[in-house]
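Let me begin by presenting the structure, written as C-alpha coordinates, before commenting on it.
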Amino acid sequence: MNILIVHAHPEPQSFNAAMTQTARSYFQDQGCVVQVSDLYAMGFDPVSDRRNFTSVHDPAYFKQQSEERHATEVGGFAPDVQAEIEKLEWCQALILQFPLWWFGLPAILKGWVDRVMVMGRIYGGGRWYDDGRFAGKRAMLALTTGGPESMYQPDGLNGDIHQILFPINHGILRFTGFDVLPPFIAWGPAHADDATRKQYLASYRRRLVQWSQTEPIAYPSLRDYDPVTYKHV
(Lines give C-alpha, C1' and ligand atoms only; values in the text may rest on other atoms or scores of the structure.)
Protein backbone atom coordinates (compact mmCIF):
# COMPACT_ATOMS: atom_id res chain seq x y z
CA MET A 1 0.00 0.00 0.00
CA ASN A 2 1.19 3.50 -0.82
CA ILE A 3 0.91 5.90 2.11
CA LEU A 4 1.11 9.70 2.02
CA ILE A 5 1.47 11.60 5.29
CA VAL A 6 1.13 15.37 5.02
CA HIS A 7 2.83 16.69 8.14
CA ALA A 8 2.24 20.25 9.35
CA HIS A 9 4.23 21.20 12.44
CA PRO A 10 7.25 23.52 12.54
CA GLU A 11 9.08 21.73 15.38
CA PRO A 12 10.92 18.47 14.49
CA GLN A 13 10.80 17.35 18.14
CA SER A 14 7.06 17.96 18.55
CA PHE A 15 4.52 15.33 19.51
CA ASN A 16 3.08 15.68 16.00
CA ALA A 17 6.50 14.68 14.68
CA ALA A 18 6.47 11.67 16.99
CA MET A 19 3.06 10.68 15.61
CA THR A 20 4.29 11.00 12.04
CA GLN A 21 7.31 8.87 12.84
CA THR A 22 5.06 6.28 14.51
CA ALA A 23 2.93 6.03 11.37
CA ARG A 24 5.91 5.98 9.04
CA SER A 25 7.62 3.21 11.01
CA TYR A 26 4.49 1.11 11.35
CA PHE A 27 3.57 1.21 7.66
CA GLN A 28 7.14 0.64 6.52
CA ASP A 29 7.33 -2.39 8.81
CA GLN A 30 4.27 -3.73 6.99
CA GLY A 31 6.04 -3.42 3.64
CA CYS A 32 4.19 -0.26 2.59
CA VAL A 33 5.82 2.55 0.67
CA VAL A 34 5.57 5.80 2.66
CA GLN A 35 6.07 9.36 1.51
CA VAL A 36 5.98 12.25 3.99
CA SER A 37 5.33 15.80 2.84
CA ASP A 38 6.84 17.71 5.78
CA LEU A 39 5.49 21.09 4.78
CA TYR A 40 7.60 23.27 7.05
CA ALA A 41 10.79 21.36 6.27
CA MET A 42 9.98 21.68 2.57
CA GLY A 43 9.38 25.41 2.88
CA PHE A 44 6.03 24.84 1.20
CA ASP A 45 4.45 28.11 0.06
CA PRO A 46 0.81 28.22 1.24
CA VAL A 47 -0.17 31.30 -0.77
CA SER A 48 -2.46 30.46 -3.66
CA ASP A 49 -2.37 32.74 -6.71
CA ARG A 50 -0.69 32.81 -10.12
CA ARG A 51 2.40 31.25 -8.57
CA ASN A 52 0.47 27.95 -8.72
CA PHE A 53 0.89 27.86 -12.49
CA THR A 54 3.40 28.00 -15.30
CA SER A 55 0.51 28.42 -17.76
CA VAL A 56 -1.88 31.37 -18.15
CA HIS A 57 -5.48 31.06 -19.26
CA ASP A 58 -6.65 34.65 -18.75
CA PRO A 59 -3.90 37.22 -18.20
CA ALA A 60 -6.42 40.00 -17.58
CA TYR A 61 -8.41 38.41 -14.75
CA PHE A 62 -7.34 35.72 -12.30
CA LYS A 63 -9.92 33.07 -11.50
CA GLN A 64 -8.23 30.17 -9.80
CA GLN A 65 -10.59 27.41 -10.89
CA SER A 66 -10.38 28.46 -14.53
CA GLU A 67 -6.59 28.52 -14.33
CA GLU A 68 -6.63 25.08 -12.66
CA ARG A 69 -8.76 23.59 -15.43
CA HIS A 70 -6.47 25.11 -18.04
CA ALA A 71 -3.33 23.90 -16.26
CA THR A 72 -4.83 20.42 -16.09
CA GLU A 73 -5.27 20.46 -19.87
CA VAL A 74 -1.81 21.83 -20.75
CA GLY A 75 0.35 20.53 -17.90
CA GLY A 76 0.76 24.01 -16.47
CA PHE A 77 1.14 23.52 -12.73
CA ALA A 78 4.13 24.94 -10.88
CA PRO A 79 6.67 22.23 -9.92
CA ASP A 80 5.84 22.29 -6.19
CA VAL A 81 2.11 21.91 -6.88
CA GLN A 82 2.66 19.24 -9.52
CA ALA A 83 4.81 17.20 -7.13
CA GLU A 84 2.13 17.19 -4.44
CA ILE A 85 -0.64 16.37 -6.91
CA GLU A 86 1.38 13.37 -8.07
CA LYS A 87 1.79 12.19 -4.47
CA LEU A 88 -1.98 12.42 -3.94
CA GLU A 89 -2.66 10.44 -7.10
CA TRP A 90 -0.02 7.88 -6.13
CA CYS A 91 -1.19 7.21 -2.58
CA GLN A 92 -3.82 4.70 -1.55
CA ALA A 93 -4.02 6.05 1.98
CA LEU A 94 -3.69 9.64 3.19
CA ILE A 95 -2.99 10.95 6.69
CA LEU A 96 -3.12 14.64 7.52
CA GLN A 97 -1.00 15.19 10.65
CA PHE A 98 -1.36 18.54 12.39
CA PRO A 99 -2.02 20.47 15.60
CA LEU A 100 -5.50 21.97 15.83
CA TRP A 101 -4.91 25.73 15.59
CA TRP A 102 -7.80 28.15 16.00
CA PHE A 103 -10.29 25.31 15.51
CA GLY A 104 -8.88 24.37 12.12
CA LEU A 105 -5.90 23.48 9.98
CA PRO A 106 -2.60 25.34 10.35
CA ALA A 107 -2.30 27.89 7.55
CA ILE A 108 0.47 25.96 5.79
CA LEU A 109 -1.74 22.85 5.57
CA LYS A 110 -4.81 24.82 4.48
CA GLY A 111 -2.60 26.39 1.82
CA TRP A 112 -1.53 22.91 0.71
CA VAL A 113 -5.20 22.04 0.24
CA ASP A 114 -5.91 25.31 -1.59
CA ARG A 115 -3.02 24.83 -4.02
CA VAL A 116 -3.04 21.05 -4.51
CA MET A 117 -6.73 20.06 -4.55
CA VAL A 118 -7.18 21.52 -8.02
CA MET A 119 -10.25 21.69 -10.20
CA GLY A 120 -10.03 19.59 -13.33
CA ARG A 121 -7.52 17.09 -12.02
CA ILE A 122 -8.71 16.46 -8.47
CA TYR A 123 -12.39 17.40 -8.67
CA GLY A 124 -14.96 18.83 -11.06
CA GLY A 125 -16.91 17.47 -14.00
CA GLY A 126 -19.16 15.42 -11.74
CA ARG A 127 -16.30 14.00 -9.69
CA TRP A 128 -17.19 14.62 -6.07
CA TYR A 129 -18.26 12.71 -2.96
CA ASP A 130 -19.10 9.08 -3.89
CA ASP A 131 -17.90 9.70 -7.45
CA GLY A 132 -14.84 11.66 -6.38
CA ARG A 133 -11.37 11.33 -7.83
CA PHE A 134 -10.18 9.37 -4.79
CA ALA A 135 -13.09 6.97 -4.40
CA GLY A 136 -11.84 3.70 -2.93
CA LYS A 137 -8.98 5.35 -1.06
CA ARG A 138 -8.91 5.97 2.68
CA ALA A 139 -7.93 9.10 4.58
CA MET A 140 -7.66 10.05 8.24
CA LEU A 141 -6.91 13.08 10.35
CA ALA A 142 -4.29 12.60 13.06
CA LEU A 143 -4.08 15.62 15.30
CA THR A 144 -3.28 17.12 18.65
CA THR A 145 -5.28 19.61 20.69
CA GLY A 146 -4.24 22.14 23.27
CA GLY A 147 -7.08 21.31 25.65
CA PRO A 148 -8.37 18.13 27.26
CA GLU A 149 -11.00 15.85 25.75
CA SER A 150 -13.69 17.19 28.08
CA MET A 151 -13.50 20.58 26.35
CA TYR A 152 -14.39 19.05 22.99
CA GLN A 153 -17.58 17.23 23.93
CA PRO A 154 -20.98 18.32 22.54
CA ASP A 155 -21.56 20.19 25.81
CA GLY A 156 -17.92 21.17 26.27
CA LEU A 157 -16.55 24.69 26.28
CA ASN A 158 -15.03 24.37 22.79
CA GLY A 159 -17.88 22.40 21.28
CA ASP A 160 -18.09 18.99 19.63
CA ILE A 161 -14.76 18.04 18.05
CA HIS A 162 -16.56 16.18 15.27
CA GLN A 163 -18.41 19.36 14.29
CA ILE A 164 -15.14 21.27 14.38
CA LEU A 165 -13.51 18.72 12.06
CA PHE A 166 -16.52 18.37 9.74
CA PRO A 167 -15.32 21.00 7.21
CA ILE A 168 -12.07 19.06 6.85
CA ASN A 169 -13.39 15.52 6.96
CA HIS A 170 -16.44 16.12 4.81
CA GLY A 171 -15.69 19.33 2.94
CA ILE A 172 -12.18 18.35 1.81
CA LEU A 173 -11.58 14.62 2.15
CA ARG A 174 -15.04 13.18 1.48
CA PHE A 175 -15.71 15.84 -1.16
CA THR A 176 -12.79 14.51 -3.17
CA GLY A 177 -13.96 10.91 -2.77
CA PHE A 178 -11.97 9.53 0.15
CA ASP A 179 -13.51 7.12 2.62
CA VAL A 180 -12.83 9.09 5.79
CA LEU A 181 -11.83 7.19 8.90
CA PRO A 182 -12.62 8.54 12.37
CA PRO A 183 -9.84 10.88 13.47
CA PHE A 184 -7.13 9.93 15.92
CA ILE A 185 -6.81 12.70 18.49
CA ALA A 186 -4.13 13.15 21.12
CA TRP A 187 -5.70 15.41 23.72
CA GLY A 188 -3.37 18.06 25.13
CA PRO A 189 -0.08 16.16 24.81
CA ALA A 190 1.90 19.32 25.61
CA HIS A 191 0.41 19.21 29.11
CA ALA A 192 0.73 15.44 29.57
CA ASP A 193 3.50 13.48 31.27
CA ASP A 194 5.83 11.13 29.42
CA ALA A 195 3.80 8.05 30.35
CA THR A 196 0.63 9.54 28.90
CA ARG A 197 2.39 10.58 25.70
CA LYS A 198 3.75 7.05 25.30
CA GLN A 199 0.24 5.71 25.77
CA TYR A 200 -1.03 8.02 23.04
CA LEU A 201 1.61 6.75 20.62
CA ALA A 202 0.81 3.15 21.49
CA SER A 203 -2.91 3.84 20.96
CA TYR A 204 -2.14 5.50 17.65
CA ARG A 205 -0.20 2.48 16.50
CA ARG A 206 -3.14 0.23 17.42
CA ARG A 207 -5.41 2.43 15.29
CA LEU A 208 -3.04 2.05 12.37
CA VAL A 209 -3.03 -1.73 12.79
CA GLN A 210 -6.81 -1.57 12.23
CA TRP A 211 -6.53 0.73 9.21
CA SER A 212 -8.18 -1.61 6.73
CA GLN A 213 -10.85 -2.86 9.15
CA THR A 214 -11.96 0.49 10.56
CA GLU A 215 -15.40 1.60 9.41
CA PRO A 216 -15.37 4.99 7.68
CA ILE A 217 -17.50 7.84 8.97
CA ALA A 218 -21.02 7.45 7.58
CA TYR A 219 -21.95 10.42 5.39
CA PRO A 220 -24.99 10.85 3.12
CA SER A 221 -24.53 9.39 -0.34
CA LEU A 222 -24.98 11.18 -3.64
CA ARG A 223 -27.46 8.43 -4.42
CA ASP A 224 -29.76 9.88 -1.75
CA TYR A 225 -30.10 13.14 -3.68
CA ASP A 226 -31.67 14.23 -6.95
CA PRO A 227 -28.85 14.20 -9.55
CA VAL A 228 -30.02 17.47 -11.13
CA THR A 229 -30.81 19.66 -8.17
CA TYR A 230 -28.99 17.73 -5.42
CA LYS A 231 -31.98 18.20 -3.19
CA HIS A 232 -32.66 15.40 -0.76
CA VAL A 233 -35.27 12.96 -2.07
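Residues are referred to by chain and number: the chain letter is A, B, ... according to the order shown in the C-alpha coordinates, the number counts from 1 in that chain, and ligands are numbered separately from 1 in the order shown.
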
* Asked: Among stretch 12-182 of chain A, which residues carry a DSSP assignment of alpha helix (DSSP H), reported as number ranges by chain?
  -> A: 15-29, 39-42, 64-74, 79-90, 107-116, 161-168

* **Pick from A:Asp45, A:Glu67, A:Asp160, A:Asp155, whichever lies nearest to A:Val113 using only C-alpha atoms** => A:Asp45

* What are the DSSP strand (DSSP E) residues of stretch 158-232 of chain A, as JSON, numbers by chain? -> {"A": [179, 180, 184, 185, 186]}

* Which one of A:Ile95, A:Leu222, A:Ile217, A:Ala190 sits closest to A:Val36 if you count only C-alpha atoms? -> A:Ile95

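The smallest atom-to-atom distance between A:Gly111 and any of A:Leu94, A:Ala23, A:Ala218, A:Val47, using only C-alpha atoms, is found for A:Val47.
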
* Shell around A:Val33 at 9 Å using only C-alpha atoms, local window under 5 positions removed, as a list in words ->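 My reading of the contact set: Met1, Asn2, Ile3, Leu4, Phe27 and Gln28 of chain A.
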
Using the selection just defined, write its residues with N, CA, C and O atoms as a PDB file, in the first residue's frame.
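result15.pdb, written as the output of this step:
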ATOM      1  N   MET A   1       0.847  -1.193   0.000  1.00  0.00           N
ATOM      2  CA  MET A   1       0.000   0.000   0.000  1.00  0.00           C
ATOM      3  C   MET A   1       0.884   1.245   0.000  1.00  0.00           C
ATOM      4  O   MET A   1       1.910   1.294   0.675  1.00  0.00           O
ATOM      5  N   ASN A   2       0.478   2.231  -0.748  1.00  0.00           N
ATOM      6  CA  ASN A   2       1.194   3.501  -0.821  1.00  0.00           C
ATOM      7  C   ASN A   2       0.574   4.496   0.156  1.00  0.00           C
ATOM      8  O   ASN A   2      -0.636   4.773   0.068  1.00  0.00           O
ATOM      9  N   ILE A   3       1.385   5.022   1.041  1.00  0.00           N
ATOM     10  CA  ILE A   3       0.912   5.901   2.109  1.00  0.00           C
ATOM     11  C   ILE A   3       1.502   7.291   1.922  1.00  0.00           C
ATOM     12  O   ILE A   3       2.720   7.437   1.747  1.00  0.00           O
ATOM     13  N   LEU A   4       0.649   8.315   1.996  1.00  0.00           N
ATOM     14  CA  LEU A   4       1.112   9.700   2.024  1.00  0.00           C
ATOM     15  C   LEU A   4       0.723  10.319   3.355  1.00  0.00           C
ATOM     16  O   LEU A   4      -0.458  10.310   3.729  1.00  0.00           O
ATOM     17  N   PHE A  27       3.906   1.590   9.031  1.00  0.00           N
ATOM     18  CA  PHE A  27       3.568   1.209   7.658  1.00  0.00           C
ATOM     19  C   PHE A  27       4.774   0.646   6.915  1.00  0.00           C
ATOM     20  O   PHE A  27       4.643  -0.303   6.134  1.00  0.00           O
ATOM     21  N   GLN A  28       5.946   1.194   7.158  1.00  0.00           N
ATOM     22  CA  GLN A  28       7.141   0.639   6.516  1.00  0.00           C
ATOM     23  C   GLN A  28       7.407  -0.779   7.000  1.00  0.00           C
ATOM     24  O   GLN A  28       7.812  -1.639   6.208  1.00  0.00           O
TER      25      GLN A  28
END

* To do: Would you mind listing what lies within 12 Å of A:Gly146 as a list in words, with only C-alpha atoms counted and same-chain residues fewer than 6 positions away left out?
  => Phe15, Phe98, Pro99, Leu100, Trp101, Trp102, Phe103, Tyr152, Asn158, Ile185, Ala186, Trp187, Gly188, Pro189, Ala190, His191 and Ala192 of chain A

* Choose the residue, out of A:Gly177, A:Gln13, A:Pro182, A:Asp114, that has the smallest atom-to-atom separation from A:Leu165; count only C-alpha atoms. =>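 When distances to A:Leu165 are compared using only C-alpha atoms, the smallest one comes from A:Pro182.
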